[in-house]
Structure formats: structure tokens, C-alpha cells
Amino acid sequence: MFLIAGPCVIESEAHAIKMAECVKGVSRSLRIPYIFKASYDKANRTSLNSYRGLGIGAGLRILQKIKETVRIPVLTDVHEAVDVQRVAEVADVLQIPAFLCRQTDLIIAAAKSGRAVNIKKGQFVSPWDMRHAVAKCRDAGCERVFVTERGASFGYNNLVVDMRSLPIMREFAPVVFDATHSVQLPSAGDNGKAVSGGQPQFIPMLARAAVAAGVDGIFMEVHDDPKNAKSDGANALDLKKLRSVLLELVAVRKAVTQSPRA
């Protein structure tokens, strides 16, 4: 079981490096392989007034520095096919955002980059239909592809997780569970604000359930000050809680893998 974690977006060089070092310290102590995650640009924010990130130039420079100084692999989003090759020069894993999981040209460009590809399952896509996104990637020459479950739209401003999706998708690709976006309340900010809300109190429970279901990895957006995070703070896991949550996941994983098969 591996961990993909970090702040939603790169807020500054100092903050990104701090988060990478802190999460690495926790995951390493528990012998959990770790991939740092942060976006240089959030192209699907609810409002034009929302913070998007530092941009591709500064963002990739910071990710490169994290790779070299913290010595961990890095993952980041790509939103346009034209940016893929440039991002692939730095990122170890290219992530296709959920809203773009059916964008054929983007997936093919990522597949041809030589990097591993994580395709996030769209909130509007069934688990069995994700095999087509995976097939696009493999047909373009990339075998290192996995998919991430992040909840399905349930009416307006709400997501639910169908745990059946995890074994369904594992039939055709490794599966990661995104425990933080799954508790997001999309575009459901308080007092009419154009931001997403969240229910972070359910992160540990959903993560435990996913590990019990046999996922290959866990994805979590982690922040040292969620209330003041520049993106997705309402559904981020507080850094102070990371160790206790991971300890629970390790215990569940151990119980499942060591239990006798019927």
C-alpha cells in the first residue's frame, strides 16, 4: 500500500517543501511508500476569484526541488495536452483530473510521455466505464496506469462512495482511493461563497473501508492549516492527524492480508 499526499495546490516553495518533509517523515516511519502531490495550477476552481496556483514555470521548479532535496517522487495534474511533455520532464506521475478523464488527446499525450499515469475517476463516470480510459492509455503505449476513486455525484453539492467500484476497477487496473475529495461538498460553500465545502471527519472511516476492500494505494490532501489553505481546505486532512490515520490503515491492511481465506 502506497500513499499519495500533499497540499491541494502549491502555495509557496517553503510550504510545499515543509509539507513534503513532514509527510515523508510520517510515512517513512510506518514503511509506507510515499509520492508527494501538489498542483501547480488548479484549472477547475469554482470562481475566477479563487487561487489557482503559482503556474507551470514556478510550480515545476518547486516540484523539481522537492524531488532533489526531499528525495521523493512527485505527482501533479496536467490539464492540457500541450503541457504534458514539459510536466513529464519533472513529474514522476502525471495525473488526469476527474473532470478530464474522458479527454482522449490528454490521456494519449500523458501515455506517450514515458511517465506513470493516474486517471482520476470522474464524478459522473461509472466504475466499469473507466476501463475505456485505461484502454486509451494502454493502447497509446503506457502500461503504468492506475485509476483513483474520488466519489460519485449524488444530487447537487454532494458525493457518495460506492465501495463496489473498488473491486470492479481492480479487475482492469490498480486502484487508489482518494479519501479527501470523496468527502468534498462540491461548490457548496457557506453563505453563498463560491468554494467547495467538506466533511473531513469522515476521512478516516472511508479510508479504512477502502483499505479493507483491498485498494492498492491511498490518496489524501494534507495541510498543516486546513482553515487557511488556499484550495480545498474544507476537505483536507489536518497534518496533525496524519500519523494516527495511517496507523489505522496499516492495522486494517495487516488484518486483511493476514486473515485466513474462506
# chains A, B, ... in the order shown; residues from 1 in each chain; ligands from 1

call {"tool": "select_by_dssp", "arguments": {"residues": "region 118-254 of chain A", "states": "alpha helix (DSSP H)", "output": "PyMOL selection string"}}
result
chain A and resi 130-139+165-170+203-212+242-254

call {"tool": "residues_around", "arguments": {"residues": "region 238-241 of chain A", "least_positions_apart": "4", "cutoff": "6 Å", "atoms": "only C-alpha atoms", "output": "mmCIF file with all heavy atoms, in the first residue's frame"}}
result
data_model
loop_
_atom_site.group_PDB
_atom_site.id
_atom_site.type_symbol
_atom_site.label_atom_id
_atom_site.label_comp_id
_atom_site.auth_asym_id
_atom_site.auth_seq_id
_atom_site.Cartn_x
_atom_site.Cartn_y
_atom_site.Cartn_z
ATOM 1 N N VAL A 222 -3.325 16.761 2.301
ATOM 2 C CA VAL A 222 -2.933 17.009 3.686
ATOM 3 C C VAL A 222 -2.420 18.441 3.800
ATOM 4 O O VAL A 222 -1.669 18.909 2.940
ATOM 5 C CB VAL A 222 -1.846 16.007 4.124
ATOM 6 C CG1 VAL A 222 -1.426 16.270 5.565
ATOM 7 C CG2 VAL A 222 -2.337 14.575 3.967
ATOM 8 N N HIS A 223 -2.823 19.118 4.858
ATOM 9 C CA HIS A 223 -2.412 20.514 5.046
ATOM 10 C C HIS A 223 -2.165 20.768 6.529
ATOM 11 O O HIS A 223 -2.848 20.207 7.393
ATOM 12 C CB HIS A 223 -3.496 21.467 4.527
ATOM 13 C CG HIS A 223 -3.012 22.841 4.222
ATOM 14 N ND1 HIS A 223 -2.776 23.790 5.210
ATOM 15 C CD2 HIS A 223 -2.715 23.450 3.038
ATOM 16 C CE1 HIS A 223 -2.365 24.915 4.645
ATOM 17 N NE2 HIS A 223 -2.307 24.733 3.321
ATOM 18 N N ASP A 224 -1.178 21.609 6.827
ATOM 19 C CA ASP A 224 -0.866 21.905 8.226
ATOM 20 C C ASP A 224 -1.798 22.962 8.825
ATOM 21 O O ASP A 224 -1.807 23.160 10.039
ATOM 22 C CB ASP A 224 0.593 22.359 8.369
ATOM 23 C CG ASP A 224 0.931 23.563 7.503
ATOM 24 O OD1 ASP A 224 0.230 23.794 6.487
ATOM 25 O OD2 ASP A 224 1.890 24.280 7.827
#

call {"tool": "closest_residue", "arguments": {"among": "A:Ile32, A:Leu3, A:Cys137, A:Val245", "to": "Val175 (chain A)", "atoms": "only C-alpha atoms"}}
result
A:Leu3

call {"tool": "residues_around", "arguments": {"residues": "Ala236 (chain A)", "least_positions_apart": "2", "cutoff": "7 Å", "atoms": "only C-alpha atoms", "output": "list in words"}}
result
Thr180, Pro200, Glu221, Val222, His223, Pro226, Asp232, Gly233, Ala234 and Asp238 of chain A

call {"tool": "write_last_selection", "arguments": {"atoms": "all heavy atoms", "output": "mmCIF file, in the first residue's frame"}}
result
data_model
loop_
_atom_site.group_PDB
_atom_site.id
_atom_site.type_symbol
_atom_site.label_atom_id
_atom_site.label_comp_id
_atom_site.auth_asym_id
_atom_site.auth_seq_id
_atom_site.Cartn_x
_atom_site.Cartn_y
_atom_site.Cartn_z
ATOM 1 N N THR A 180 -9.982 12.180 0.597
ATOM 2 C CA THR A 180 -10.310 13.570 0.918
ATOM 3 C C THR A 180 -11.274 14.201 -0.075
ATOM 4 O O THR A 180 -12.227 14.870 0.317
ATOM 5 C CB THR A 180 -9.034 14.420 1.043
ATOM 6 O OG1 THR A 180 -8.187 14.198 -0.092
ATOM 7 C CG2 THR A 180 -8.265 14.055 2.299
ATOM 8 N N PRO A 200 -14.524 16.544 6.568
ATOM 9 C CA PRO A 200 -13.268 15.834 6.825
ATOM 10 C C PRO A 200 -13.345 14.830 7.969
ATOM 11 O O PRO A 200 -12.472 13.956 8.071
ATOM 12 C CB PRO A 200 -12.284 16.966 7.142
ATOM 13 C CG PRO A 200 -13.143 18.097 7.607
ATOM 14 C CD PRO A 200 -14.397 17.995 6.792
ATOM 15 N N GLU A 221 -5.286 14.694 0.452
ATOM 16 C CA GLU A 221 -4.750 16.045 0.507
ATOM 17 C C GLU A 221 -4.553 16.392 1.970
ATOM 18 O O GLU A 221 -5.485 16.295 2.783
ATOM 19 C CB GLU A 221 -5.687 17.018 -0.206
ATOM 20 C CG GLU A 221 -5.651 16.779 -1.715
ATOM 21 C CD GLU A 221 -6.368 17.853 -2.514
ATOM 22 O OE1 GLU A 221 -7.223 18.546 -1.941
ATOM 23 O OE2 GLU A 221 -6.090 17.964 -3.721
ATOM 24 N N VAL A 222 -3.325 16.761 2.301
ATOM 25 C CA VAL A 222 -2.933 17.009 3.686
ATOM 26 C C VAL A 222 -2.420 18.441 3.800
ATOM 27 O O VAL A 222 -1.669 18.909 2.940
ATOM 28 C CB VAL A 222 -1.846 16.007 4.124
ATOM 29 C CG1 VAL A 222 -1.426 16.270 5.565
ATOM 30 C CG2 VAL A 222 -2.337 14.575 3.967
ATOM 31 N N HIS A 223 -2.823 19.118 4.858
ATOM 32 C CA HIS A 223 -2.412 20.514 5.046
ATOM 33 C C HIS A 223 -2.165 20.768 6.529
ATOM 34 O O HIS A 223 -2.848 20.207 7.393
ATOM 35 C CB HIS A 223 -3.496 21.467 4.527
ATOM 36 C CG HIS A 223 -3.012 22.841 4.222
ATOM 37 N ND1 HIS A 223 -2.776 23.790 5.210
ATOM 38 C CD2 HIS A 223 -2.715 23.450 3.038
ATOM 39 C CE1 HIS A 223 -2.365 24.915 4.645
ATOM 40 N NE2 HIS A 223 -2.307 24.733 3.321
ATOM 41 N N PRO A 226 -5.584 23.614 7.558
ATOM 42 C CA PRO A 226 -6.670 23.492 6.584
ATOM 43 C C PRO A 226 -7.587 24.706 6.502
ATOM 44 O O PRO A 226 -8.065 25.051 5.411
ATOM 45 C CB PRO A 226 -7.436 22.253 7.081
ATOM 46 C CG PRO A 226 -6.411 21.444 7.784
ATOM 47 C CD PRO A 226 -5.521 22.453 8.464
ATOM 48 N N ASP A 232 -9.237 23.773 -1.359
ATOM 49 C CA ASP A 232 -9.746 22.511 -0.798
ATOM 50 C C ASP A 232 -9.431 22.296 0.671
ATOM 51 O O ASP A 232 -9.362 21.146 1.133
ATOM 52 C CB ASP A 232 -9.226 21.312 -1.609
ATOM 53 C CG ASP A 232 -10.023 21.102 -2.887
ATOM 54 O OD1 ASP A 232 -10.909 21.922 -3.173
ATOM 55 O OD2 ASP A 232 -9.754 20.117 -3.598
ATOM 56 N N GLY A 233 -9.292 23.352 1.417
ATOM 57 C CA GLY A 233 -9.027 23.200 2.847
ATOM 58 C C GLY A 233 -10.170 22.540 3.595
ATOM 59 O O GLY A 233 -9.958 21.839 4.588
ATOM 60 N N ALA A 234 -11.402 22.734 3.107
ATOM 61 C CA ALA A 234 -12.578 22.204 3.804
ATOM 62 C C ALA A 234 -12.630 20.688 3.799
ATOM 63 O O ALA A 234 -13.322 20.092 4.638
ATOM 64 C CB ALA A 234 -13.856 22.766 3.170
ATOM 65 N N ASP A 238 -5.970 17.324 8.345
ATOM 66 C CA ASP A 238 -5.011 18.098 9.130
ATOM 67 C C ASP A 238 -3.745 17.267 9.316
ATOM 68 O O ASP A 238 -3.808 16.087 9.697
ATOM 69 C CB ASP A 238 -5.616 18.460 10.485
ATOM 70 C CG ASP A 238 -4.811 19.520 11.219
ATOM 71 O OD1 ASP A 238 -3.565 19.440 11.237
ATOM 72 O OD2 ASP A 238 -5.430 20.429 11.800
#

call {"tool": "atom_distance", "arguments": {"atom1": "CA of Ile119 (chain A)", "atom2": "CA of Phe146 (chain A)"}}
result
6.3 Å

call {"tool": "closest_atom_pairs", "arguments": {"of": "region 178-256 of chain A", "to": "region 22-28 of chain A", "cutoff": "8 Å", "atoms": "only C-alpha atoms", "output": "Markdown table"}}
result
| residue | atom | partner | partner_atom | distance |
| --- | --- | --- | --- | --- |
| A:Leu239 | CA | A:Val23 | CA | 7.9 |
| A:Leu242 | CA | A:Val26 | CA | 7.7 |
| A:Arg243 | CA | A:Val26 | CA | 6.1 |
| A:Leu246 | CA | A:Ser27 | CA | 7.9 |

call {"tool": "decode", "arguments": {"residues": "region 62-95 of chain A", "atoms": "N, CA, C and O atoms", "output": "mmCIF file, in the first residue's frame"}}
result
data_model
loop_
_atom_site.group_PDB
_atom_site.id
_atom_site.type_symbol
_atom_site.label_atom_id
_atom_site.label_comp_id
_atom_site.auth_asym_id
_atom_site.auth_seq_id
_atom_site.Cartn_x
_atom_site.Cartn_y
_atom_site.Cartn_z
ATOM 1 N N ILE A 62 9.583 24.173 -8.276
ATOM 2 C CA ILE A 62 9.436 23.751 -6.881
ATOM 3 C C ILE A 62 9.333 22.232 -6.783
ATOM 4 O O ILE A 62 9.942 21.611 -5.901
ATOM 5 N N LEU A 63 8.586 21.614 -7.676
ATOM 6 C CA LEU A 63 8.483 20.161 -7.665
ATOM 7 C C LEU A 63 9.836 19.505 -7.916
ATOM 8 O O LEU A 63 10.181 18.488 -7.300
ATOM 9 N N GLN A 64 10.619 20.081 -8.817
ATOM 10 C CA GLN A 64 11.962 19.564 -9.075
ATOM 11 C C GLN A 64 12.835 19.676 -7.828
ATOM 12 O O GLN A 64 13.598 18.757 -7.498
ATOM 13 N N LYS A 65 12.699 20.781 -7.127
ATOM 14 C CA LYS A 65 13.494 20.973 -5.907
ATOM 15 C C LYS A 65 13.092 19.959 -4.842
ATOM 16 O O LYS A 65 13.941 19.439 -4.110
ATOM 17 N N ILE A 66 11.802 19.667 -4.740
ATOM 18 C CA ILE A 66 11.337 18.672 -3.774
ATOM 19 C C ILE A 66 11.915 17.303 -4.115
ATOM 20 O O ILE A 66 12.364 16.556 -3.236
ATOM 21 N N LYS A 67 11.912 16.954 -5.393
ATOM 22 C CA LYS A 67 12.495 15.673 -5.824
ATOM 23 C C LYS A 67 13.960 15.572 -5.414
ATOM 24 O O LYS A 67 14.412 14.532 -4.935
ATOM 25 N N GLU A 68 14.684 16.654 -5.601
ATOM 26 C CA GLU A 68 16.128 16.626 -5.379
ATOM 27 C C GLU A 68 16.499 16.735 -3.908
ATOM 28 O O GLU A 68 17.459 16.090 -3.465
ATOM 29 N N THR A 69 15.767 17.536 -3.145
ATOM 30 C CA THR A 69 16.149 17.779 -1.750
ATOM 31 C C THR A 69 15.466 16.827 -0.771
ATOM 32 O O THR A 69 16.088 16.360 0.188
ATOM 33 N N VAL A 70 14.198 16.540 -1.000
ATOM 34 C CA VAL A 70 13.474 15.638 -0.105
ATOM 35 C C VAL A 70 13.627 14.189 -0.564
ATOM 36 O O VAL A 70 13.425 13.255 0.204
ATOM 37 N N ARG A 71 13.985 14.018 -1.826
ATOM 38 C CA ARG A 71 14.259 12.706 -2.416
ATOM 39 C C ARG A 71 13.031 11.791 -2.386
ATOM 40 O O ARG A 71 13.046 10.700 -1.809
ATOM 41 N N ILE A 72 11.980 12.279 -3.002
ATOM 42 C CA ILE A 72 10.748 11.504 -3.148
ATOM 43 C C ILE A 72 10.189 11.742 -4.547
ATOM 44 O O ILE A 72 10.426 12.788 -5.150
ATOM 45 N N PRO A 73 9.434 10.790 -5.077
ATOM 46 C CA PRO A 73 8.771 11.014 -6.368
ATOM 47 C C PRO A 73 7.638 12.024 -6.206
ATOM 48 O O PRO A 73 7.085 12.188 -5.106
ATOM 49 N N VAL A 74 7.273 12.696 -7.304
ATOM 50 C CA VAL A 74 6.230 13.714 -7.242
ATOM 51 C C VAL A 74 5.161 13.455 -8.294
ATOM 52 O O VAL A 74 5.425 12.891 -9.357
ATOM 53 N N LEU A 75 3.959 13.895 -7.974
ATOM 54 C CA LEU A 75 2.793 13.771 -8.853
ATOM 55 C C LEU A 75 2.126 15.130 -8.962
ATOM 56 O O LEU A 75 2.020 15.854 -7.977
ATOM 57 N N THR A 76 1.658 15.459 -10.165
ATOM 58 C CA THR A 76 0.919 16.707 -10.332
ATOM 59 C C THR A 76 -0.069 16.556 -11.488
ATOM 60 O O THR A 76 0.059 15.668 -12.333
ATOM 61 N N ASP A 77 -1.084 17.440 -11.498
ATOM 62 C CA ASP A 77 -2.105 17.433 -12.542
ATOM 63 C C ASP A 77 -1.581 17.998 -13.856
ATOM 64 O O ASP A 77 -0.736 18.901 -13.859
ATOM 65 N N VAL A 78 -2.119 17.489 -14.950
ATOM 66 C CA VAL A 78 -1.967 18.145 -16.248
ATOM 67 C C VAL A 78 -3.369 18.358 -16.815
ATOM 68 O O VAL A 78 -4.215 17.466 -16.743
ATOM 69 N N HIS A 79 -3.605 19.559 -17.333
ATOM 70 C CA HIS A 79 -4.937 19.899 -17.837
ATOM 71 C C HIS A 79 -5.005 20.003 -19.351
ATOM 72 O O HIS A 79 -6.081 19.906 -19.936
ATOM 73 N N GLU A 80 -3.852 20.203 -19.983
ATOM 74 C CA GLU A 80 -3.825 20.365 -21.430
ATOM 75 C C GLU A 80 -2.717 19.523 -22.034
ATOM 76 O O GLU A 80 -1.613 19.443 -21.484
ATOM 77 N N ALA A 81 -3.013 18.910 -23.190
ATOM 78 C CA ALA A 81 -2.042 18.041 -23.839
ATOM 79 C C ALA A 81 -0.747 18.784 -24.165
ATOM 80 O O ALA A 81 0.340 18.198 -24.114
ATOM 81 N N VAL A 82 -0.856 20.063 -24.472
ATOM 82 C CA VAL A 82 0.320 20.836 -24.855
ATOM 83 C C VAL A 82 1.332 20.961 -23.712
ATOM 84 O O VAL A 82 2.521 21.175 -23.937
ATOM 85 N N ASP A 83 0.878 20.784 -22.465
ATOM 86 C CA ASP A 83 1.769 20.926 -21.306
ATOM 87 C C ASP A 83 2.410 19.612 -20.878
ATOM 88 O O ASP A 83 3.325 19.613 -20.042
ATOM 89 N N VAL A 84 1.941 18.507 -21.429
ATOM 90 C CA VAL A 84 2.340 17.200 -20.909
ATOM 91 C C VAL A 84 3.840 16.979 -20.956
ATOM 92 O O VAL A 84 4.453 16.561 -19.969
ATOM 93 N N GLN A 85 4.475 17.223 -22.088
ATOM 94 C CA GLN A 85 5.888 16.919 -22.209
ATOM 95 C C GLN A 85 6.728 17.735 -21.242
ATOM 96 O O GLN A 85 7.686 17.220 -20.640
ATOM 97 N N ARG A 86 6.370 18.975 -21.077
ATOM 98 C CA ARG A 86 7.109 19.835 -20.144
ATOM 99 C C ARG A 86 6.960 19.339 -18.712
ATOM 100 O O ARG A 86 7.933 19.286 -17.953
ATOM 101 N N VAL A 87 5.741 18.956 -18.339
ATOM 102 C CA VAL A 87 5.495 18.469 -16.982
ATOM 103 C C VAL A 87 6.190 17.128 -16.767
ATOM 104 O O VAL A 87 6.734 16.849 -15.691
ATOM 105 N N ALA A 88 6.216 16.287 -17.798
ATOM 106 C CA ALA A 88 6.820 14.965 -17.690
ATOM 107 C C ALA A 88 8.322 15.024 -17.461
ATOM 108 O O ALA A 88 8.923 14.057 -16.987
ATOM 109 N N GLU A 89 8.947 16.150 -17.773
ATOM 110 C CA GLU A 89 10.374 16.298 -17.514
ATOM 111 C C GLU A 89 10.671 16.354 -16.026
ATOM 112 O O GLU A 89 11.809 16.125 -15.591
ATOM 113 N N VAL A 90 9.645 16.647 -15.216
ATOM 114 C CA VAL A 90 9.811 16.768 -13.761
ATOM 115 C C VAL A 90 9.010 15.701 -13.012
ATOM 116 O O VAL A 90 9.550 14.980 -12.170
ATOM 117 N N ALA A 91 7.733 15.614 -13.287
ATOM 118 C CA ALA A 91 6.843 14.743 -12.521
ATOM 119 C C ALA A 91 7.088 13.271 -12.819
ATOM 120 O O ALA A 91 7.314 12.889 -13.965
ATOM 121 N N ASP A 92 7.021 12.454 -11.779
ATOM 122 C CA ASP A 92 7.145 11.013 -11.938
ATOM 123 C C ASP A 92 5.812 10.386 -12.319
ATOM 124 O O ASP A 92 5.772 9.336 -12.958
ATOM 125 N N VAL A 93 4.726 11.024 -11.881
ATOM 126 C CA VAL A 93 3.380 10.565 -12.204
ATOM 127 C C VAL A 93 2.573 11.743 -12.725
ATOM 128 O O VAL A 93 2.543 12.811 -12.092
ATOM 129 N N LEU A 94 1.931 11.571 -13.880
ATOM 130 C CA LEU A 94 1.047 12.592 -14.429
ATOM 131 C C LEU A 94 -0.385 12.232 -14.049
ATOM 132 O O LEU A 94 -0.821 11.098 -14.257
ATOM 133 N N GLN A 95 -1.099 13.193 -13.500
ATOM 134 C CA GLN A 95 -2.461 12.941 -13.061
ATOM 135 C C GLN A 95 -3.475 13.607 -13.988
ATOM 136 O O GLN A 95 -3.381 14.804 -14.264
#
